file entry_18.cif (mmCIF, C-alpha atoms)
data_model
#
loop_
_atom_site.label_atom_id
_atom_site.label_comp_id
_atom_site.auth_asym_id
_atom_site.auth_seq_id
_atom_site.Cartn_x
_atom_site.Cartn_y
_atom_site.Cartn_z
CA MET Z 1 14.58 3.31 2.91
CA MET Z 2 17.43 1.58 4.78
CA THR Z 3 17.45 -2.08 5.77
CA GLY Z 4 19.48 -3.42 8.68
CA ILE Z 5 19.67 -5.74 11.63
CA GLY Z 6 19.65 -5.61 15.40
CA TYR Z 7 23.30 -5.88 16.46
CA ARG Z 8 24.00 -8.94 18.59
CA ARG Z 9 27.39 -10.27 19.71
CA GLU Z 10 26.71 -13.58 17.94
CA LEU Z 11 26.39 -11.70 14.63
CA SER Z 12 29.47 -9.51 14.98
CA ALA Z 13 31.80 -11.59 12.76
CA TRP Z 14 29.23 -11.61 9.97
CA ILE Z 15 28.49 -7.90 10.36
CA ASP Z 16 32.24 -7.15 10.17
CA THR Z 17 32.16 -8.47 6.58
CA ARG Z 18 29.82 -5.57 5.67
CA PRO Z 19 27.19 -7.90 4.16
CA PRO Z 20 25.06 -6.53 1.29
CA GLY Z 21 21.63 -5.34 2.46
CA ILE Z 22 22.88 -4.22 5.87
CA ASP Z 23 22.75 -0.44 5.48
CA CYS Z 24 22.37 0.30 9.19
CA LEU Z 25 22.43 -1.31 12.64
CA GLU Z 26 20.17 -1.01 15.65
CA ILE Z 27 22.04 -1.48 18.91
CA THR Z 28 20.38 -2.29 22.22
CA ALA Z 29 21.38 0.34 24.77
CA GLU Z 30 21.34 -2.02 27.77
CA HIS Z 31 23.90 -4.32 26.08
CA PHE Z 32 26.46 -1.49 26.43
CA PHE Z 33 25.67 -0.40 30.00
CA HIS Z 34 28.63 -2.28 31.48
CA GLY Z 35 31.31 -1.76 28.84
CA GLY Z 36 31.93 -2.05 25.12
CA GLU Z 37 31.96 1.68 24.41
CA GLU Z 38 35.09 1.43 22.23
CA HIS Z 39 33.47 -1.29 20.17
CA LEU Z 40 30.32 0.80 19.89
CA ALA Z 41 32.33 3.81 18.72
CA GLY Z 42 33.88 1.55 16.05
CA LEU Z 43 30.45 0.42 14.86
CA ALA Z 44 29.34 4.05 14.68
CA LYS Z 45 32.16 4.76 12.24
CA GLN Z 46 31.06 1.92 9.95
CA PHE Z 47 27.25 2.11 10.01
CA PRO Z 48 24.42 4.53 10.69
CA LEU Z 49 23.16 3.42 14.11
CA PHE Z 50 19.85 3.56 15.97
CA VAL Z 51 19.79 3.12 19.75
CA HIS Z 52 16.95 0.96 21.06
CA GLY Z 53 16.06 0.66 24.74
CA LEU Z 54 14.40 -2.25 26.54
CA ALA Z 55 13.89 -0.99 30.04
CA LEU Z 56 13.31 2.75 30.34
CA SER Z 57 9.84 1.66 31.47
CA LEU Z 58 8.09 4.69 30.00
CA GLY Z 59 4.70 3.47 31.26
CA THR Z 60 5.58 3.45 34.97
CA PRO Z 61 3.82 6.33 36.73
CA GLY Z 62 6.20 8.61 38.62
CA PRO Z 63 9.76 9.63 37.78
CA LEU Z 64 11.94 7.73 35.33
CA ASP Z 65 14.80 5.69 36.79
CA GLN Z 66 17.50 8.36 36.54
CA LYS Z 67 20.39 5.89 36.87
CA HIS Z 68 19.04 3.94 33.90
CA LEU Z 69 18.42 7.12 31.91
CA THR Z 70 21.98 8.34 32.58
CA ARG Z 71 23.42 5.07 31.29
CA PHE Z 72 21.08 5.18 28.29
CA ALA Z 73 22.15 8.75 27.48
CA ARG Z 74 25.83 7.80 27.75
CA VAL Z 75 25.35 5.03 25.15
CA VAL Z 76 23.49 7.48 22.91
CA GLY Z 77 26.40 9.92 23.28
CA VAL Z 78 28.85 7.31 22.01
CA ALA Z 79 26.66 5.92 19.21
CA ASN Z 80 25.39 9.29 17.98
CA PRO Z 81 22.31 7.70 16.35
CA GLU Z 82 19.84 9.37 14.04
CA TRP Z 83 17.10 8.47 16.52
CA ILE Z 84 16.47 6.51 19.71
CA SER Z 85 13.58 4.27 20.70
CA ASP Z 86 11.92 2.30 23.49
CA HIS Z 87 8.58 0.58 24.07
CA ILE Z 88 5.06 1.63 24.93
CA ALA Z 89 5.15 -0.54 28.01
CA PHE Z 90 6.30 -0.89 31.60
CA THR Z 91 9.05 -3.20 32.84
CA ARG Z 92 9.04 -2.12 36.48
CA THR Z 93 6.62 -0.74 39.02
CA VAL Z 94 7.38 1.37 42.07
CA GLU Z 95 7.69 -1.96 43.92
CA ALA Z 96 9.65 -4.31 41.66
CA ASP Z 97 11.52 -4.92 38.44
CA LEU Z 98 9.44 -7.28 36.29
CA GLY Z 99 12.29 -7.96 33.87
CA HIS Z 100 10.23 -7.80 30.69
CA LEU Z 101 7.80 -5.65 28.73
CA ASN Z 102 4.20 -5.47 29.92
CA PRO Z 103 1.25 -3.67 28.34
CA VAL Z 104 -0.21 -0.36 29.47
CA PRO Z 105 -3.90 0.56 29.34
CA PRO Z 106 -4.86 3.00 26.55
CA THR Z 107 -6.11 5.74 28.87
CA THR Z 108 -5.83 9.53 28.97
CA GLU Z 109 -3.83 9.20 32.19
CA MET Z 110 -1.32 6.77 30.62
CA LEU Z 111 -1.05 8.97 27.52
CA LYS Z 112 0.33 11.76 29.70
CA VAL Z 113 2.68 9.44 31.64
CA ILE Z 114 4.33 8.05 28.49
CA ALA Z 115 4.35 11.35 26.56
CA ASP Z 116 6.04 13.14 29.49
CA HIS Z 117 8.61 10.37 29.92
CA ALA Z 118 9.36 10.16 26.18
CA ARG Z 119 9.88 13.92 25.99
CA GLU Z 120 12.24 13.75 28.97
CA VAL Z 121 14.31 10.98 27.37
CA SER Z 122 14.41 12.75 24.01
CA GLU Z 123 15.47 16.06 25.58
CA ARG Z 124 18.10 14.41 27.79
CA CYS Z 125 19.62 12.53 24.83
CA ARG Z 126 19.05 15.40 22.37
CA LYS Z 127 17.73 12.95 19.80
CA PRO Z 128 14.32 12.33 18.22
CA MET Z 129 12.54 9.39 19.79
CA LEU Z 130 10.37 6.57 18.40
CA LEU Z 131 7.91 4.55 20.46
CA GLU Z 132 7.31 0.88 19.75
CA ASN Z 133 4.12 -1.19 20.00
CA ILE Z 134 4.57 -4.40 22.00
CA THR Z 135 2.92 -7.77 21.89
CA SER Z 136 0.92 -8.81 24.90
CA HIS Z 137 -1.21 -11.75 25.91
CA VAL Z 138 -3.40 -9.45 27.97
CA GLN Z 139 -5.71 -6.94 26.35
CA LEU Z 140 -6.19 -3.91 28.60
CA ALA Z 141 -9.29 -1.74 28.57
CA GLY Z 142 -9.07 2.04 28.45
CA ASP Z 143 -11.01 5.15 27.56
CA ILE Z 144 -9.21 5.51 24.18
CA LYS Z 145 -9.14 3.14 21.21
CA GLU Z 146 -5.60 1.69 20.79
CA THR Z 147 -4.96 3.29 17.38
CA ASP Z 148 -6.21 6.69 18.60
CA PHE Z 149 -3.98 6.25 21.66
CA LEU Z 150 -0.92 5.72 19.43
CA ASN Z 151 -1.76 8.68 17.15
CA ARG Z 152 -2.33 10.98 20.13
CA LEU Z 153 0.78 9.70 21.87
CA CYS Z 154 2.92 10.61 18.84
CA GLU Z 155 1.29 14.04 18.61
CA ASP Z 156 1.52 14.84 22.33
CA SER Z 157 5.10 13.59 22.76
CA GLY Z 158 6.54 14.70 19.42
CA CYS Z 159 7.77 11.14 18.91
CA GLY Z 160 7.42 8.86 15.90
CA LEU Z 161 6.23 5.27 15.84
CA LEU Z 162 8.48 2.24 15.59
CA LEU Z 163 5.96 -0.23 14.24
CA ASP Z 164 6.82 -3.81 15.10
CA VAL Z 165 5.08 -5.66 12.29
CA THR Z 166 5.47 -9.02 14.03
CA ASN Z 167 3.89 -7.69 17.23
CA LEU Z 168 1.00 -6.23 15.23
CA PHE Z 169 0.46 -9.57 13.47
CA ILE Z 170 0.67 -11.56 16.73
CA ASN Z 171 -1.75 -9.27 18.55
CA SER Z 172 -4.19 -9.40 15.61
CA GLN Z 173 -4.16 -13.21 15.77
CA ASN Z 174 -4.34 -13.53 19.57
CA HIS Z 175 -6.92 -10.79 20.08
CA GLY Z 176 -8.92 -11.30 16.87
CA PHE Z 177 -8.74 -8.05 14.90
CA ASP Z 178 -7.81 -7.14 11.33
CA ALA Z 179 -4.21 -5.91 11.14
CA LEU Z 180 -4.82 -3.96 7.90
CA GLU Z 181 -7.84 -2.13 9.35
CA TRP Z 182 -5.71 -1.32 12.41
CA LEU Z 183 -2.96 0.00 10.14
CA ASP Z 184 -5.41 2.20 8.21
CA GLU Z 185 -6.25 3.97 11.47
CA ILE Z 186 -2.63 4.92 12.15
CA GLU Z 187 -1.56 8.33 10.84
CA PRO Z 188 1.06 7.42 8.18
CA ARG Z 189 3.43 10.27 8.96
CA HIS Z 190 4.05 8.89 12.44
CA ILE Z 191 5.58 5.59 11.25
CA ALA Z 192 9.35 5.98 10.82
CA GLN Z 193 10.82 2.53 11.41
CA LEU Z 194 9.78 -1.14 11.34
CA HIS Z 195 10.87 -4.18 13.32
CA ILE Z 196 10.32 -7.64 11.90
CA VAL Z 197 11.21 -11.24 12.81
CA GLY Z 198 9.38 -14.55 12.49
CA TYR Z 199 6.69 -15.42 15.03
CA SER Z 200 6.29 -18.68 16.98
CA ARG Z 201 3.18 -20.59 18.00
CA SER Z 202 2.51 -22.30 21.29
CA GLY Z 203 -0.82 -24.13 21.11
CA ASN Z 204 -3.32 -21.59 19.87
CA ARG Z 205 -1.19 -18.64 21.06
CA TYR Z 206 1.14 -16.72 18.79
CA THR Z 207 4.33 -15.57 20.52
CA ASP Z 208 7.33 -13.39 19.72
CA SER Z 209 10.30 -15.63 20.44
CA HIS Z 210 12.58 -13.64 18.09
CA SER Z 211 13.98 -16.98 16.94
CA LYS Z 212 12.21 -17.85 13.67
CA PRO Z 213 12.66 -16.93 10.00
CA ILE Z 214 10.27 -14.26 8.72
CA GLN Z 215 7.06 -15.84 7.43
CA ASP Z 216 5.39 -14.77 4.14
CA GLU Z 217 2.33 -13.26 5.86
CA LEU Z 218 4.65 -10.92 7.77
CA ILE Z 219 6.33 -9.83 4.54
CA GLU Z 220 2.89 -9.05 3.08
CA LEU Z 221 1.88 -7.05 6.14
CA ALA Z 222 5.19 -5.18 6.22
CA HIS Z 223 4.78 -4.34 2.52
CA ALA Z 224 1.33 -2.92 3.28
CA VAL Z 225 2.94 -0.71 5.94
CA VAL Z 226 5.60 0.47 3.48
CA LEU Z 227 2.84 1.43 1.00
CA HIS Z 228 0.91 3.17 3.80
CA ALA Z 229 3.69 5.20 5.43
CA PRO Z 230 7.04 6.89 4.70
CA VAL Z 231 9.10 4.23 6.48
CA ARG Z 232 12.78 5.15 6.73
CA ALA Z 233 14.30 1.93 8.07
CA ILE Z 234 13.43 -1.76 8.46
CA ILE Z 235 15.32 -3.74 11.11
CA LEU Z 236 15.48 -7.52 11.38
CA GLU Z 237 15.20 -8.25 15.09
CA ARG Z 238 16.60 -11.75 15.63
CA ASP Z 239 17.71 -12.67 19.18
CA GLU Z 240 17.94 -16.47 19.29
CA ASP Z 241 18.66 -19.54 17.14
CA PHE Z 242 20.80 -17.50 14.78
CA PRO Z 243 21.05 -19.07 11.34
CA ASP Z 244 24.32 -19.55 9.45
CA VAL Z 245 25.54 -16.98 6.93
CA VAL Z 246 23.37 -18.39 4.13
CA GLY Z 247 20.34 -18.26 6.41
CA LEU Z 248 21.12 -14.70 7.46
CA GLU Z 249 21.46 -13.64 3.82
CA LYS Z 250 18.06 -15.21 3.09
CA GLU Z 251 16.51 -13.21 5.92
CA VAL Z 252 18.10 -9.96 4.70
CA ALA Z 253 16.82 -10.73 1.18
CA LYS Z 254 13.30 -10.82 2.67
CA LEU Z 255 13.76 -7.22 3.85
CA LYS Z 256 14.39 -6.29 0.22
CA ARG Z 257 11.21 -8.16 -0.75
CA ILE Z 258 9.29 -5.96 1.66
CA ARG Z 259 10.49 -2.91 -0.22
CA ALA Z 260 9.78 -4.44 -3.63
CA GLY Z 261 6.50 -6.10 -2.64
CA ASN Z 262 7.12 -9.49 -4.21
CA MET Y 1 -3.56 2.35 53.68
CA LEU Y 2 -2.92 4.31 50.47
CA ALA Y 3 -4.72 3.16 47.33
CA ILE Y 4 -2.43 1.89 44.55
CA ASP Y 5 -2.64 2.73 40.83
CA PHE Y 6 -3.44 0.24 38.06
CA ILE Y 7 0.17 -0.32 36.92
CA THR Y 8 1.36 -1.09 40.47
CA ALA Y 9 -1.59 -3.44 40.96
CA PHE Y 10 -1.12 -5.13 37.59
CA GLY Y 11 2.58 -5.57 38.37
CA ARG Y 12 1.69 -7.27 41.65
CA LEU Y 13 -0.75 -9.56 39.85
CA LEU Y 14 1.92 -10.55 37.31
CA ARG Y 15 4.53 -11.41 39.93
CA ASP Y 16 2.39 -13.00 42.63
CA GLY Y 17 0.88 -16.39 41.78
CA ASN Y 18 -1.16 -16.50 44.98
CA LEU Y 19 -2.79 -13.17 44.14
CA ARG Y 20 -3.57 -14.51 40.64
CA ASP Y 21 -5.30 -17.50 42.24
CA VAL Y 22 -7.48 -15.13 44.30
CA PHE Y 23 -8.07 -12.98 41.20
CA ALA Y 24 -9.22 -15.99 39.14
CA LEU Y 25 -11.85 -16.81 41.78
CA ASN Y 26 -12.93 -13.27 42.68
CA PRO Y 27 -11.28 -10.35 40.85
CA GLN Y 28 -13.16 -7.74 42.88
CA HIS Y 29 -11.95 -9.25 46.16
CA ALA Y 30 -8.35 -9.41 44.82
CA GLY Y 31 -8.55 -5.72 43.87
CA ARG Y 32 -9.82 -4.71 47.30
CA GLN Y 33 -7.23 -6.91 49.02
CA ILE Y 34 -4.41 -4.84 47.51
CA TYR Y 35 -6.22 -1.48 47.88
CA LEU Y 36 -6.59 -0.84 44.14
CA ARG Y 37 -7.72 2.72 43.39
CA GLU Y 38 -11.51 2.75 42.93
CA SER Y 39 -11.27 4.48 39.53
CA ASP Y 40 -9.09 1.62 38.22
CA LEU Y 41 -11.46 -1.14 39.30
CA PRO Y 42 -13.41 -1.30 35.96
CA ALA Y 43 -10.18 -1.91 33.97
CA TRP Y 44 -9.05 -4.45 36.60
CA LEU Y 45 -12.31 -6.38 36.33
CA GLN Y 46 -11.94 -6.64 32.56
CA LEU Y 47 -8.64 -8.55 32.83
CA ASP Y 48 -8.96 -12.16 31.68
CA PRO Y 49 -7.42 -14.49 34.32
CA ALA Y 50 -6.17 -16.96 31.66
CA ASP Y 51 -4.47 -14.17 29.70
CA VAL Y 52 -2.92 -12.77 32.89
CA GLU Y 53 -1.58 -16.21 33.79
CA PHE Y 54 -0.06 -16.58 30.30
CA GLN Y 55 1.60 -13.15 30.52
CA ALA Y 56 2.90 -14.01 34.00
CA GLU Y 57 4.44 -17.20 32.64
CA VAL Y 58 6.20 -15.16 29.94
CA LEU Y 59 7.87 -13.24 32.80
CA LEU Y 60 8.73 -16.49 34.62
CA ARG Y 61 10.37 -17.90 31.49
CA LYS Y 62 12.46 -14.72 31.16
CA ARG Y 63 13.56 -15.24 34.76
CA LEU Y 64 14.41 -18.86 34.02
CA ASP Y 65 16.57 -17.77 31.05
CA LEU Y 66 18.72 -15.79 33.50
CA VAL Y 67 18.87 -18.65 35.99
CA LYS Y 68 20.08 -20.91 33.15
CA TRP Y 69 22.83 -18.41 32.45
CA PHE Y 70 24.06 -18.42 36.06
CA ALA Y 71 23.58 -22.13 36.77
CA PRO Y 72 23.74 -24.02 33.45
CA GLU Y 73 24.94 -27.37 34.85
CA THR Y 74 22.23 -27.41 37.53
CA CYS Y 75 19.56 -26.64 34.91
CA ARG Y 76 20.96 -29.31 32.59
CA ARG Y 77 20.77 -31.89 35.41
CA LEU Y 78 17.10 -31.08 36.02
CA ASP Y 79 16.34 -31.65 32.33
CA LYS Y 80 12.53 -31.95 31.87
CA LYS Y 81 11.90 -31.23 35.55
CA LEU Y 82 13.44 -27.78 35.19
CA TRP Y 83 10.35 -25.80 34.13
CA PRO Y 84 7.84 -27.39 36.55
CA VAL Y 85 10.28 -27.13 39.46
CA PHE Y 86 11.21 -23.53 38.65
CA ARG Y 87 7.57 -22.56 38.07
CA GLN Y 88 6.59 -24.01 41.43
CA PHE Y 89 9.40 -22.06 43.12
CA ALA Y 90 9.07 -18.79 41.22
CA ARG Y 91 5.29 -18.42 41.10
CA GLY Y 92 5.23 -17.30 44.72
CA ASN Y 93 8.72 -15.75 44.98
CA TRP Y 94 9.83 -12.59 43.22
CA PRO Y 95 13.50 -11.59 43.43
CA PRO Y 96 14.26 -8.42 45.38
CA GLU Y 97 15.12 -5.36 43.28
CA GLY Y 98 18.79 -4.87 42.41
CA GLY Y 99 21.10 -7.76 41.53
CA ALA Y 100 17.91 -9.63 40.87
CA LYS Y 101 19.37 -12.17 38.48
CA LEU Y 102 21.94 -13.46 40.94
CA SER Y 103 19.74 -13.50 44.01
CA ASP Y 104 16.99 -15.26 42.04
CA THR Y 105 19.39 -18.02 41.02
CA LEU Y 106 20.75 -18.31 44.57
CA LEU Y 107 17.25 -18.57 46.06
CA PHE Y 108 16.26 -21.14 43.43
CA CYS Y 109 19.34 -23.23 44.22
CA GLN Y 110 18.59 -22.97 47.96
CA HIS Y 111 15.08 -24.23 47.17
CA LEU Y 112 16.54 -27.10 45.12
CA ARG Y 113 18.96 -28.09 47.89
CA ARG Y 114 15.94 -28.55 50.16
CA GLN Y 115 13.66 -30.22 47.62
CA LEU Y 116 16.03 -32.15 45.34
CA PRO Y 117 19.35 -32.74 47.09
CA GLY Y 118 22.05 -33.48 44.51
CA ALA Y 119 20.46 -31.41 41.76
CA VAL Y 120 22.63 -28.35 42.38
CA ALA Y 121 26.13 -28.49 40.86
CA ALA Y 122 28.59 -27.89 43.70
CA SER Y 123 30.85 -25.57 41.66
CA GLU Y 124 27.85 -23.40 40.71
CA TRP Y 125 26.60 -23.29 44.29
CA ASN Y 126 30.06 -22.22 45.49
CA ARG Y 127 30.18 -19.49 42.85
CA LEU Y 128 26.71 -18.15 43.70
CA ASP Y 129 27.41 -18.28 47.42
CA PHE Y 130 30.70 -16.37 47.03
CA ALA Y 131 29.27 -13.83 44.58
CA HIS Y 132 26.43 -13.08 46.96
CA SER Y 133 28.74 -12.73 49.97
CA LYS Y 134 31.21 -9.97 50.79
CA ARG Y 135 34.07 -12.38 51.47
CA ARG Y 136 37.51 -11.55 50.10
CA LEU Y 137 38.56 -15.18 49.61
CA GLY Y 138 36.88 -18.50 49.01
CA LEU Y 139 38.32 -22.00 48.68
CA ARG Y 140 36.31 -25.19 48.02
CA TRP Y 141 37.01 -28.81 47.06
CA VAL Y 142 34.88 -29.80 44.09
CA GLN Y 143 34.42 -32.34 41.32
CA ILE Y 144 35.06 -30.14 38.29
CA PRO Y 145 33.35 -30.99 34.98
CA THR Y 146 35.87 -31.34 32.14
CA ALA Y 147 35.53 -30.94 28.39
CA LYS Y 148 35.46 -34.74 28.01
CA MET Y 149 32.15 -34.99 29.90
CA SER Y 150 33.83 -36.46 32.97
CA THR Y 151 34.88 -34.87 36.27
CA ARG Y 152 38.18 -34.26 38.05
CA ARG Y 153 38.80 -33.41 41.66
CA GLY Y 154 40.22 -29.99 42.28
CA LEU Y 155 40.17 -26.69 44.11
CA GLN Y 156 37.80 -23.87 43.26
CA PHE Y 157 39.37 -20.60 44.35
CA PHE Y 158 37.73 -17.15 44.55
CA ILE Y 159 39.31 -13.71 45.12
CA ARG Y 160 37.47 -10.42 45.49
CA GLY Y 161 39.19 -7.12 44.69
CA ARG Y 162 38.65 -3.74 46.36
CA SER Y 163 36.17 -2.70 43.66
CA GLN Y 164 34.01 -5.72 44.67
CA ARG Y 165 34.91 -7.32 41.34
CA TRP Y 166 35.89 -10.97 41.81
CA TRP Y 167 37.76 -13.71 40.00
CA GLU Y 168 37.53 -17.49 39.99
CA PHE Y 169 40.24 -20.10 39.38
CA PHE Y 170 40.31 -23.88 39.24
CA LEU Y 171 43.30 -25.88 40.35
CA TYR Y 172 43.15 -29.46 39.07
CA LEU Y 173 44.70 -32.11 41.26
CA GLY Y 174 46.48 -35.18 39.87
CA VAL Y 175 46.53 -36.21 36.23
#
call {"tool": "encode", "arguments": {"input": "entry_18.cif", "output": "structure tokens"}}
result
Amino acid sequence: MMTGIGYRRELSAWIDTRPPGIDCLEITAEHFFHGGEEHLAGLAKQFPLFVHGLALSLGTPGPLDQKHLTRFARVVGVANPEWISDHIAFTRTVEADLGHLNPVPPTTEMLKVIADHAREVSERCRKPMLLENITSHVQLAGDIKETDFLNRLCEDSGCGLLLDVTNLFINSQNHGFDALEWLDEIEPRHIAQLHIVGYSRSGNRYTDSHSKPIQDELIELAHAVVLHAPVRAIILERDEDFPDVVGLEKEVAKLKRIRAGN
Amino acid sequence: MLAIDFITAFGRLLRDGNLRDVFALNPQHAGRQIYLRESDLPAWLQLDPADVEFQAEVLLRKRLDLVKWFAPETCRRLDKKLWPVFRQFARGNWPPEGGAKLSDTLLFCQHLRRQLPGAVAASEWNRLDFAHSKRRLGLRWVQIPTAKMSTRRGLQFFIRGRSQRWWEFFLYLGV
């Protein structure tokens, strides 16, 4: 199992030192839509890469945004990752760009929309694709239980699951369910990669600010996932309030604790 | 009028504060008002108005992050007023698709110039105004913030190339 970090410009000097524990990098496709291909090609020579998307909007009914998909595929062509990923969500509708991830209802109709879109992206990029669970403050009703929806989505689309452990934890707290029971209902072979970062709290709401150190309860949950499924990579997904080098090393050491379970 | 699907309707609810107000009082009426597909009405009626409002504010805060990037001095000047003022503006205004980040910041600054004259940094307003225009050249007198937390008078100069890419220069006057 590899451990790595989401590549961000603020971390580039530290990443250039080839820090221990960073076996791989996950790059965000949209960060390279307007340049930086040479830099990306350089990273690809140094590390195994995964390409992660934020805005393919797989859950929007109708055709994918072909301009966005073309740019995404070009980044994938340069990075040559082992796999690509995006979210089980929508970021735009036929009327407007919402600018962020929003939840989709677990319905038979939505299952087909996302599976068709994911297959199209995977075929266009000629790479296997993983689909990621998001956190949401709204719980949507559907005709399928969420865990069944995810299992069926992986089967119908041929994709794997990128399980965001922090999002699972946050949703379990905000919506009042048991994260371990939820995990037990997910077919282990689908889970290929994990995302993890510390959560935040705002009043009685848990939120995913991507700005906090990983808390112990997340390490415990991630370890349970590692025991449950053949996870191939764990990525630290920090976007804000980057710590200094010592702090970063502490966070990477936590990824090792997930593997070891201590 | 064609009926709209759940995702389109949910998207409208998340970006339109006035529709959320109607939804909180009478979700069925809000659904009919936007011609939600009949088969999606049960899922629509199960949405919790408080949760929807929270999710909508997550989107507003993402928008504000981009506004801060384009107009940092203006946002700094507003200090603790920034979020309530932006929320009041943005709850009922969604930026048009394409170039959304820039037009959102420009519209917010236009709103500020009406509501809180003096809050918008002149150099940032000039930059937004030029970027949003198709002009080839722009020249403005401004008080330019310096590294020593003071200001100096100078010229703010913009040039746009044939590719629509543009550049900005400052010319300080005096010592």
call {"tool": "axis_aligned_box", "arguments": {"input": "entry_18.cif", "around": "region 203-211 of chain Z", "padding_each_side": "3 Å", "output": "JSON"}}
result
{"center_x": 5.3, "center_y": -18.8, "center_z": 19.0, "size_x": 23.3, "size_y": 16.7, "size_z": 10.2}
call {"tool": "residues_around", "arguments": {"input": "entry_18.cif", "residues": "Lys101 (chain Y)", "least_positions_apart": "2", "cutoff": "7 Å", "atoms": "all atoms listed in the file", "output": "list of chain:residue names"}}
result
Y:Leu66, Y:Val67, Y:Gly99, Y:Ser103, Y:Asp104, Y:Thr105
call {"tool": "residues_around", "arguments": {"input": "entry_18.cif", "residues": "region 38-53 of chain Y", "least_positions_apart": "2", "cutoff": "12 Å", "atoms": "all atoms listed in the file", "output": "PyMOL selection string"}}
result
(chain Z and resi 102-107+109+136-143+174-175+205) or (chain Y and resi 2-32+34-36+55-60+87+91)
call {"tool": "resolve_selection", "arguments": {"input": "entry_18.cif", "expression": "the PyMOL selection byres ((chain Z and resi 91) around 7)", "output": "PDB file with C-alpha atoms, in the frame of the given file"}}
result
ATOM      1  CA  ALA Z  55      13.890  -0.990  30.040  1.00  0.00           C
ATOM      2  CA  SER Z  57       9.840   1.660  31.470  1.00  0.00           C
ATOM      3  CA  ALA Z  89       5.150  -0.540  28.010  1.00  0.00           C
ATOM      4  CA  PHE Z  90       6.300  -0.890  31.600  1.00  0.00           C
ATOM      5  CA  ARG Z  92       9.040  -2.120  36.480  1.00  0.00           C
ATOM      6  CA  ASP Z  97      11.520  -4.920  38.440  1.00  0.00           C
ATOM      7  CA  LEU Z  98       9.440  -7.280  36.290  1.00  0.00           C
ATOM      8  CA  GLY Z  99      12.290  -7.960  33.870  1.00  0.00           C
ATOM      9  CA  HIS Z 100      10.230  -7.800  30.690  1.00  0.00           C
ATOM     10  CA  LEU Z 101       7.800  -5.650  28.730  1.00  0.00           C
ATOM     11  CA  ASN Z 102       4.200  -5.470  29.920  1.00  0.00           C
TER      12      ASN Z 102
END
call {"tool": "resolve_selection", "arguments": {"input": "entry_18.cif", "expression": "the PyMOL selection byres ((chain Y and resi 71-84) around 9)", "output": "short mmCIF file (atom, residue, chain, number, x, y, z; two decimals) with C-alpha atoms, in the coordinates of the input"}}
result
data_model
loop_
_atom_site.label_atom_id
_atom_site.label_comp_id
_atom_site.auth_asym_id
_atom_site.auth_seq_id
_atom_site.Cartn_x
_atom_site.Cartn_y
_atom_site.Cartn_z
CA ARG Y 61 10.37 -17.90 31.49
CA LEU Y 64 14.41 -18.86 34.02
CA LEU Y 66 18.72 -15.79 33.50
CA VAL Y 67 18.87 -18.65 35.99
CA LYS Y 68 20.08 -20.91 33.15
CA TRP Y 69 22.83 -18.41 32.45
CA PHE Y 70 24.06 -18.42 36.06
CA VAL Y 85 10.28 -27.13 39.46
CA PHE Y 86 11.21 -23.53 38.65
CA ARG Y 87 7.57 -22.56 38.07
CA GLN Y 88 6.59 -24.01 41.43
CA PHE Y 89 9.40 -22.06 43.12
CA THR Y 105 19.39 -18.02 41.02
CA CYS Y 109 19.34 -23.23 44.22
CA ALA Y 119 20.46 -31.41 41.76
CA VAL Y 120 22.63 -28.35 42.38
CA ALA Y 121 26.13 -28.49 40.86
CA ALA Y 122 28.59 -27.89 43.70
CA GLU Y 124 27.85 -23.40 40.71
CA TRP Y 125 26.60 -23.29 44.29
CA LEU Y 128 26.71 -18.15 43.70
#
call {"tool": "resolve_selection", "arguments": {"input": "entry_18.cif", "expression": "the PyMOL selection byres ((chain Z and resi 167-171) around 7)", "output": "list in words"}}
result
Ile134, Thr135, Ser136, Asp164, Val165, Thr166, Ser172, Gln173, Asn174, His175, Ala179, Tyr206 and Thr207 of chain Z
call {"tool": "closest_residue", "arguments": {"input": "entry_18.cif", "among": "Y:His111, Y:Gly138, Y:Pro96, Y:Arg37", "to": "chain Z", "atoms": "all atoms listed in the file"}}
result
Y:Pro96
call {"tool": "closest_residue", "arguments": {"input": "entry_18.cif", "among": "Y:Arg135, Y:Arg127, Y:Arg152, Y:Arg63", "to": "chain Z", "atoms": "all atoms listed in the file"}}
result
Y:Arg63
call {"tool": "residues_around", "arguments": {"input": "entry_18.cif", "residues": "Phe242 (chain Z)", "least_positions_apart": "3", "cutoff": "9 Å", "atoms": "all atoms listed in the file", "output": "ChimeraX atom specification"}}
result
/Z:10-11,211-212,238-239,247-248
call {"tool": "atom_distance", "arguments": {"input": "entry_18.cif", "atom1": "CA of Gly198 (chain Z)", "atom2": "CA of Lys145 (chain Z)"}}
result
27.1 Å
call {"tool": "closest_residue", "arguments": {"input": "entry_18.cif", "among": "Z:Leu180, Z:Met2, Z:Leu255, Z:Cys125", "to": "Val75 (chain Z)", "atoms": "only C-alpha atoms"}}
result
Z:Cys125
call {"tool": "residues_around", "arguments": {"input": "entry_18.cif", "residues": "Phe130 (chain Y)", "least_positions_apart": "4", "cutoff": "12 Å", "atoms": "all atoms listed in the file", "output": "number ranges by chain"}}
result
Y: 102-103, 106, 123-126, 134-140, 156-160, 164-168
call {"tool": "atom_distance", "arguments": {"input": "entry_18.cif", "atom1": "CA of Ile114 (chain Z)", "atom2": "CA of Glu146 (chain Z)"}}
result
14.1 Å
call {"tool": "residues_around", "arguments": {"input": "entry_18.cif", "residues": "Met129 (chain Z)", "least_positions_apart": "5", "cutoff": "7 Å", "atoms": "all atoms listed in the file", "output": "ChimeraX atom specification"}}
result
/Z:83-85,122,159-160
call {"tool": "decode", "arguments": {"input": "entry_18.cif", "residues": "region 19-23 of chain Y", "atoms": "C-alpha atoms", "output": "JSON list (two decimals), in the first residue's frame"}}
result
[["chain", "number", "residue", "atom", "x", "y", "z"],
["Y", 19, "LEU", "CA", -36.63, 30.31, -3.52],
["Y", 20, "ARG", "CA", -35.21, 28.82, -0.30],
["Y", 21, "ASP", "CA", -37.36, 31.24, 1.70],
["Y", 22, "VAL", "CA", -40.46, 30.04, -0.19],
["Y", 23, "PHE", "CA", -39.32, 26.42, 0.23]]
